[in-house]
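Here the structure is laid out as structure tokens; the discussion comes afterwards.
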Amino acid sequence: MQVRNAVIPAAGLGTRFLPATKVVPKELFPIGDQPALQIVIDEALGAGIDHIIVVSSRNKPAIEAYFKPDDELIGKLDESGKTELADRLRSIGRDWRATIVYQDNPKGLGHAVGCAQEAVGDEPFAVMLPDEIMGSSALLAQMNGVCASTGGSVVAVAEVPRHLVSSYGVIDPSGELSDDGVIPVKDLVEKPSVNEAPSNYIITGRYVLTADVWGEIAALRPGRGGELQLTDALKAQAARAPFHAVVSDVSRHDTGHPLGFLTASIELGLVNPELQGDLRKFLGNLEY
């Protein structure tokens, strides 16, 4: 079955970016000339997804406003000859559907994903963490294909030096890495110590999950940090059903902290045809 739904958890407070996030959600911060959220949405659309479910907070009304048409603004842009910009605004939600659901009482990533159950329904779906910006849709498209061919859930992973594994969820493989970068998984471990980590493949912010995960999420009990951990629900899936990881070979930018956001803005600007020339000149003239 083609994955048609993507869940984007976006209810967090963005405390690392205060005071800016007091009024502007981090997901709407611009990277180049696009909000980070739209870059993630474009990745989903490129992988064949046409329904975006954003799990937001009622304290972040700007996210809901982002998806609402603004005919007055579009009209003014048209009148001033800025038709290309007007068309970009028209395109938001035009050929795809957006649904906003709310996580009123944040209890962790597992809880956030569970808030989207009614909007998703009984079919496979993607989960896309908006702090992670991928360089293309290729990874998510491959994960969709692995889910369809195996009938099980899939996570994206990246290979890192072993001393970094304790900051992430880590997979425990049950077989070898295939030529196309797929690994069968028997277990997942949340933030293991370096000595106890079953591999050096860390889980990144892309998941394609089968609908039976809803039952596992409903059964979650508070785990690490007192939160309902999505990893615990995935562990239960991996213990009883096919479960795979896909090793990412696309570029990945972690915008969850100010330095990562800054470096992502620079790196993506350097591949943007409209920005790269002037940006390269600026960087080349910097004095350190």
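Labels for the structure tokens follow display order: chains A, B, ..., residues from 1 in each chain, ligands from 1.
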
Strand (DSSP E or B) residues, from DSSP on the backbone, in stretch 113-253 of chain A, as a ChimeraX atom specification: /A:125-128,132-134,153-159,169-173,182-190,201-209,243-247,252-253

Residues within 12 Å of A:Pro242, only C-alpha atoms, excluding chain neighbours under 6 positions, as a PyMOL selection string: chain A and resi 146-155+173-174+183-187+209-210+234-236

Counting only C-alpha atoms, figure out which residue out of A:Val127, A:Val213, A:Leu220, A:Leu228 gets nearest to A:Arg240.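 Answer, going by the shortest atom-to-atom distance: A:Val213.
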
Could you jot down the atom CA of A:Arg162 to atom CA of A:Lys191 separation for me, Å, one decimal place?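 A separation of 12.0 Å between them.
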
Can you list, as a PyMOL selection string, every protein, DNA or RNA residue that comes within 10 Å of stretch 164-167 of chain A when you count only C-alpha atoms, leaving out same-chain residues fewer than 3 positions away? chain A and resi 159-161+170+189-203

Residues from the last selection, C-alpha atoms, saved as a PDB file, in the first residue's frame:
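File produced: selection_27.pdb:
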```pdb
ATOM      1  CA  GLU A 159      26.086   4.994  10.984  1.00  0.00           C
ATOM      2  CA  VAL A 160      28.038   7.079  13.498  1.00  0.00           C
ATOM      3  CA  PRO A 161      31.261   6.698  15.490  1.00  0.00           C
ATOM      4  CA  VAL A 170      20.127   2.427  18.408  1.00  0.00           C
ATOM      5  CA  VAL A 189      17.587   0.443  22.486  1.00  0.00           C
ATOM      6  CA  GLU A 190      17.072   4.025  23.665  1.00  0.00           C
ATOM      7  CA  LYS A 191      20.326   5.856  24.461  1.00  0.00           C
ATOM      8  CA  PRO A 192      22.490   2.882  25.461  1.00  0.00           C
ATOM      9  CA  SER A 193      25.924   3.265  26.959  1.00  0.00           C
ATOM     10  CA  VAL A 194      28.811   2.950  24.528  1.00  0.00           C
ATOM     11  CA  ASN A 195      29.705  -0.467  25.925  1.00  0.00           C
ATOM     12  CA  GLU A 196      26.132  -1.806  25.794  1.00  0.00           C
ATOM     13  CA  ALA A 197      25.094  -0.476  22.385  1.00  0.00           C
ATOM     14  CA  PRO A 198      24.187  -3.359  20.037  1.00  0.00           C
ATOM     15  CA  SER A 199      25.415  -1.446  16.962  1.00  0.00           C
ATOM     16  CA  ASN A 200      26.540   1.998  15.860  1.00  0.00           C
ATOM     17  CA  TYR A 201      23.434   2.580  13.713  1.00  0.00           C
ATOM     18  CA  ILE A 202      21.417   5.390  15.278  1.00  0.00           C
ATOM     19  CA  ILE A 203      17.743   6.069  14.557  1.00  0.00           C
TER      20      ILE A 203
END
```

With distances taken over only C-alpha atoms, which residue among A:Leu45, A:Val208, A:Val23, A:Gly32 lies nearest A:Pro273? A:Gly32

Can you tell me how far atom CA of A:Met134 sits from atom CA of A:Ser251, in Å to one decimal? 5.7 Å

Residue contacts of A:Glu118 (10 Å, only C-alpha atoms) excluding same-chain residues fewer than 4 positions away, as number ranges by chain: A: 101, 114, 122

Output file for the selection above: all heavy atoms, as a PDB file, in the first residue's frame:
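Saved to part-v4.pdb:
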```pdb
ATOM      1  N   VAL A 101      -3.818  18.503  14.391  1.00  0.00           N
ATOM      2  CA  VAL A 101      -4.335  17.910  15.620  1.00  0.00           C
ATOM      3  C   VAL A 101      -3.499  18.460  16.769  1.00  0.00           C
ATOM      4  O   VAL A 101      -2.408  18.996  16.557  1.00  0.00           O
ATOM      5  CB  VAL A 101      -4.288  16.366  15.583  1.00  0.00           C
ATOM      6  CG1 VAL A 101      -5.144  15.824  14.448  1.00  0.00           C
ATOM      7  CG2 VAL A 101      -2.856  15.842  15.461  1.00  0.00           C
ATOM      8  N   GLY A 114       0.572   9.300  18.807  1.00  0.00           N
ATOM      9  CA  GLY A 114      -0.744   8.741  19.103  1.00  0.00           C
ATOM     10  C   GLY A 114      -1.873   9.725  18.913  1.00  0.00           C
ATOM     11  O   GLY A 114      -3.000   9.331  18.598  1.00  0.00           O
ATOM     12  N   ASP A 122      -6.408   3.501   9.562  1.00  0.00           N
ATOM     13  CA  ASP A 122      -5.862   2.148   9.659  1.00  0.00           C
ATOM     14  C   ASP A 122      -5.025   1.812   8.423  1.00  0.00           C
ATOM     15  O   ASP A 122      -5.364   0.914   7.643  1.00  0.00           O
ATOM     16  CB  ASP A 122      -7.020   1.152   9.819  1.00  0.00           C
ATOM     17  CG  ASP A 122      -6.525  -0.246  10.143  1.00  0.00           C
ATOM     18  OD1 ASP A 122      -5.391  -0.367  10.642  1.00  0.00           O
ATOM     19  OD2 ASP A 122      -7.263  -1.213   9.874  1.00  0.00           O
TER      20      ASP A 122
END
```

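The residue that comes closest to A:Glu43, out of A:Asp172, A:Asp249, A:Glu132, A:Asp278 and on the basis of only C-alpha atoms, is A:Glu132.
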
Would you mind reading off the distance between atom CA of A:Glu27 and atom CA of A:Leu283, one decimal, in Å?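 These two atoms are separated by 26.0 Å.
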
Which is closest to A:Thr204 among A:Gly277, A:Gly284, A:Gly169, A:Pro222, if we use only C-alpha atoms? A:Gly169

Determine, counting only C-alpha atoms, which protein, DNA and RNA residues have an atom within 8 Å of an atom of A:Ala62; residues of the same chain fewer than 2 positions away are not included. Present the result as a ChimeraX atom specification. /A:24-25,60,64-66

Residues of stretch 148-257 of chain A in alpha helix (DSSP H), written as a list in words: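 For stretch 148-257 of chain A, the alpha helix (DSSP H) set is Ala148, Ser149, Thr150, Val213, Trp214, Gly215, Glu216, Ile217, Ala218, Leu230, Thr231, Asp232, Ala233, Leu234, Lys235, Ala236, Gln237, Ala238, Ala239 and Arg240 of chain A.
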
Write a file of the selected residues as an mmCIF file, in the first residue's frame, keeping C-alpha atoms.
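What follows is the written file part-v5.cif:
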```cif
data_model
loop_
_atom_site.group_PDB
_atom_site.id
_atom_site.type_symbol
_atom_site.label_atom_id
_atom_site.label_comp_id
_atom_site.auth_asym_id
_atom_site.auth_seq_id
_atom_site.Cartn_x
_atom_site.Cartn_y
_atom_site.Cartn_z
ATOM 1 C CA ALA A 148 5.187 -2.278 1.280
ATOM 2 C CA SER A 149 7.416 -5.235 0.427
ATOM 3 C CA THR A 150 7.909 -6.563 3.973
ATOM 4 C CA VAL A 213 1.641 0.451 16.157
ATOM 5 C CA TRP A 214 -1.473 2.244 17.449
ATOM 6 C CA GLY A 215 -2.119 -0.634 19.848
ATOM 7 C CA GLU A 216 1.463 -0.521 21.070
ATOM 8 C CA ILE A 217 1.268 3.241 21.599
ATOM 9 C CA ALA A 218 -1.985 2.870 23.536
ATOM 10 C CA LEU A 230 7.925 5.924 20.621
ATOM 11 C CA THR A 231 10.963 3.644 20.723
ATOM 12 C CA ASP A 232 9.204 1.431 23.287
ATOM 13 C CA ALA A 233 6.259 0.941 20.917
ATOM 14 C CA LEU A 234 8.650 0.084 18.093
ATOM 15 C CA LYS A 235 10.484 -2.414 20.301
ATOM 16 C CA ALA A 236 7.190 -4.253 20.768
ATOM 17 C CA GLN A 237 6.639 -4.304 17.001
ATOM 18 C CA ALA A 238 10.146 -5.560 16.301
ATOM 19 C CA ALA A 239 9.696 -8.404 18.782
ATOM 20 C CA ARG A 240 6.731 -9.911 16.933
#
```

Do you know which residues are at most 9 Å from A:Gly145 counting only C-alpha atoms, after dropping those on the same chain fewer than 4 positions away, and could you put them as a tab-separated table (two decimals) with N, CA, C and O atoms, in the first residue's frame?
```tsv
chain	number	residue	atom	x	y	z
A	1	MET	N	0.84	-1.20	0.00
A	1	MET	CA	0.00	0.00	0.00
A	1	MET	C	0.88	1.24	0.00
A	1	MET	O	1.82	1.34	0.79
A	2	GLN	N	0.59	2.18	-0.89
A	2	GLN	CA	1.33	3.44	-0.93
A	2	GLN	C	1.07	4.23	0.36
A	2	GLN	O	-0.07	4.40	0.78
A	3	VAL	N	2.13	4.69	0.99
A	3	VAL	CA	1.99	5.51	2.18
A	3	VAL	C	1.51	6.89	1.76
A	3	VAL	O	2.16	7.57	0.97
A	140	LEU	N	12.91	8.59	2.23
A	140	LEU	CA	11.54	8.30	2.62
A	140	LEU	C	10.85	7.43	1.57
A	140	LEU	O	10.10	6.51	1.91
A	141	ALA	N	11.11	7.69	0.31
A	141	ALA	CA	10.53	6.88	-0.75
A	141	ALA	C	11.00	5.43	-0.64
A	141	ALA	O	10.22	4.49	-0.81
A	149	SER	N	6.93	-3.91	0.82
A	149	SER	CA	7.42	-5.23	0.43
A	149	SER	C	7.53	-6.21	1.60
A	149	SER	O	7.43	-7.42	1.41
A	150	THR	N	7.73	-5.68	2.81
A	150	THR	CA	7.91	-6.56	3.97
A	150	THR	C	6.67	-6.66	4.86
A	150	THR	O	6.54	-7.59	5.65
```

Nearest to A:Glu274: which of A:Gly181, A:Tyr102, A:Asn5, A:Asp33 is it, counting only C-alpha atoms? A:Asp33

Could you give me, as a tab-separated table (two decimals) with C-alpha atoms, in the first residue's frame, the residues within 8 Å of stretch 47-54 of chain A, counting only C-alpha atoms and dropping anything in the same chain fewer than 3 positions from it?
```tsv
chain	number	residue	atom	x	y	z
A	2	GLN	CA	1.33	3.44	-0.93
A	3	VAL	CA	1.99	5.51	2.18
A	4	ARG	CA	-0.27	8.56	1.89
A	5	ASN	CA	-0.08	10.09	5.38
A	6	ALA	CA	2.78	11.81	7.17
A	7	VAL	CA	2.70	12.81	10.83
A	8	ILE	CA	4.89	15.76	11.80
A	9	PRO	CA	5.16	16.25	15.59
A	10	ALA	CA	5.44	20.00	16.19
A	41	ILE	CA	6.43	18.81	3.84
A	43	GLU	CA	10.13	15.98	1.25
A	44	ALA	CA	6.93	14.09	2.07
A	95	ASP	CA	-2.61	19.65	-4.24
A	96	TRP	CA	-2.30	18.02	-0.85
A	97	ARG	CA	-4.30	18.03	2.36
A	98	ALA	CA	-3.25	19.37	5.75
A	99	THR	CA	-4.80	18.40	9.08
A	100	ILE	CA	-3.90	19.95	12.44
A	101	VAL	CA	-4.34	17.91	15.62
A	116	ALA	CA	-2.71	11.58	15.09
A	119	ALA	CA	-6.50	11.55	11.30
A	120	VAL	CA	-4.32	8.75	9.89
A	137	SER	CA	12.84	12.55	-0.71
A	138	ALA	CA	14.82	9.48	-1.76
A	140	LEU	CA	11.54	8.30	2.62
A	141	ALA	CA	10.53	6.88	-0.75
```
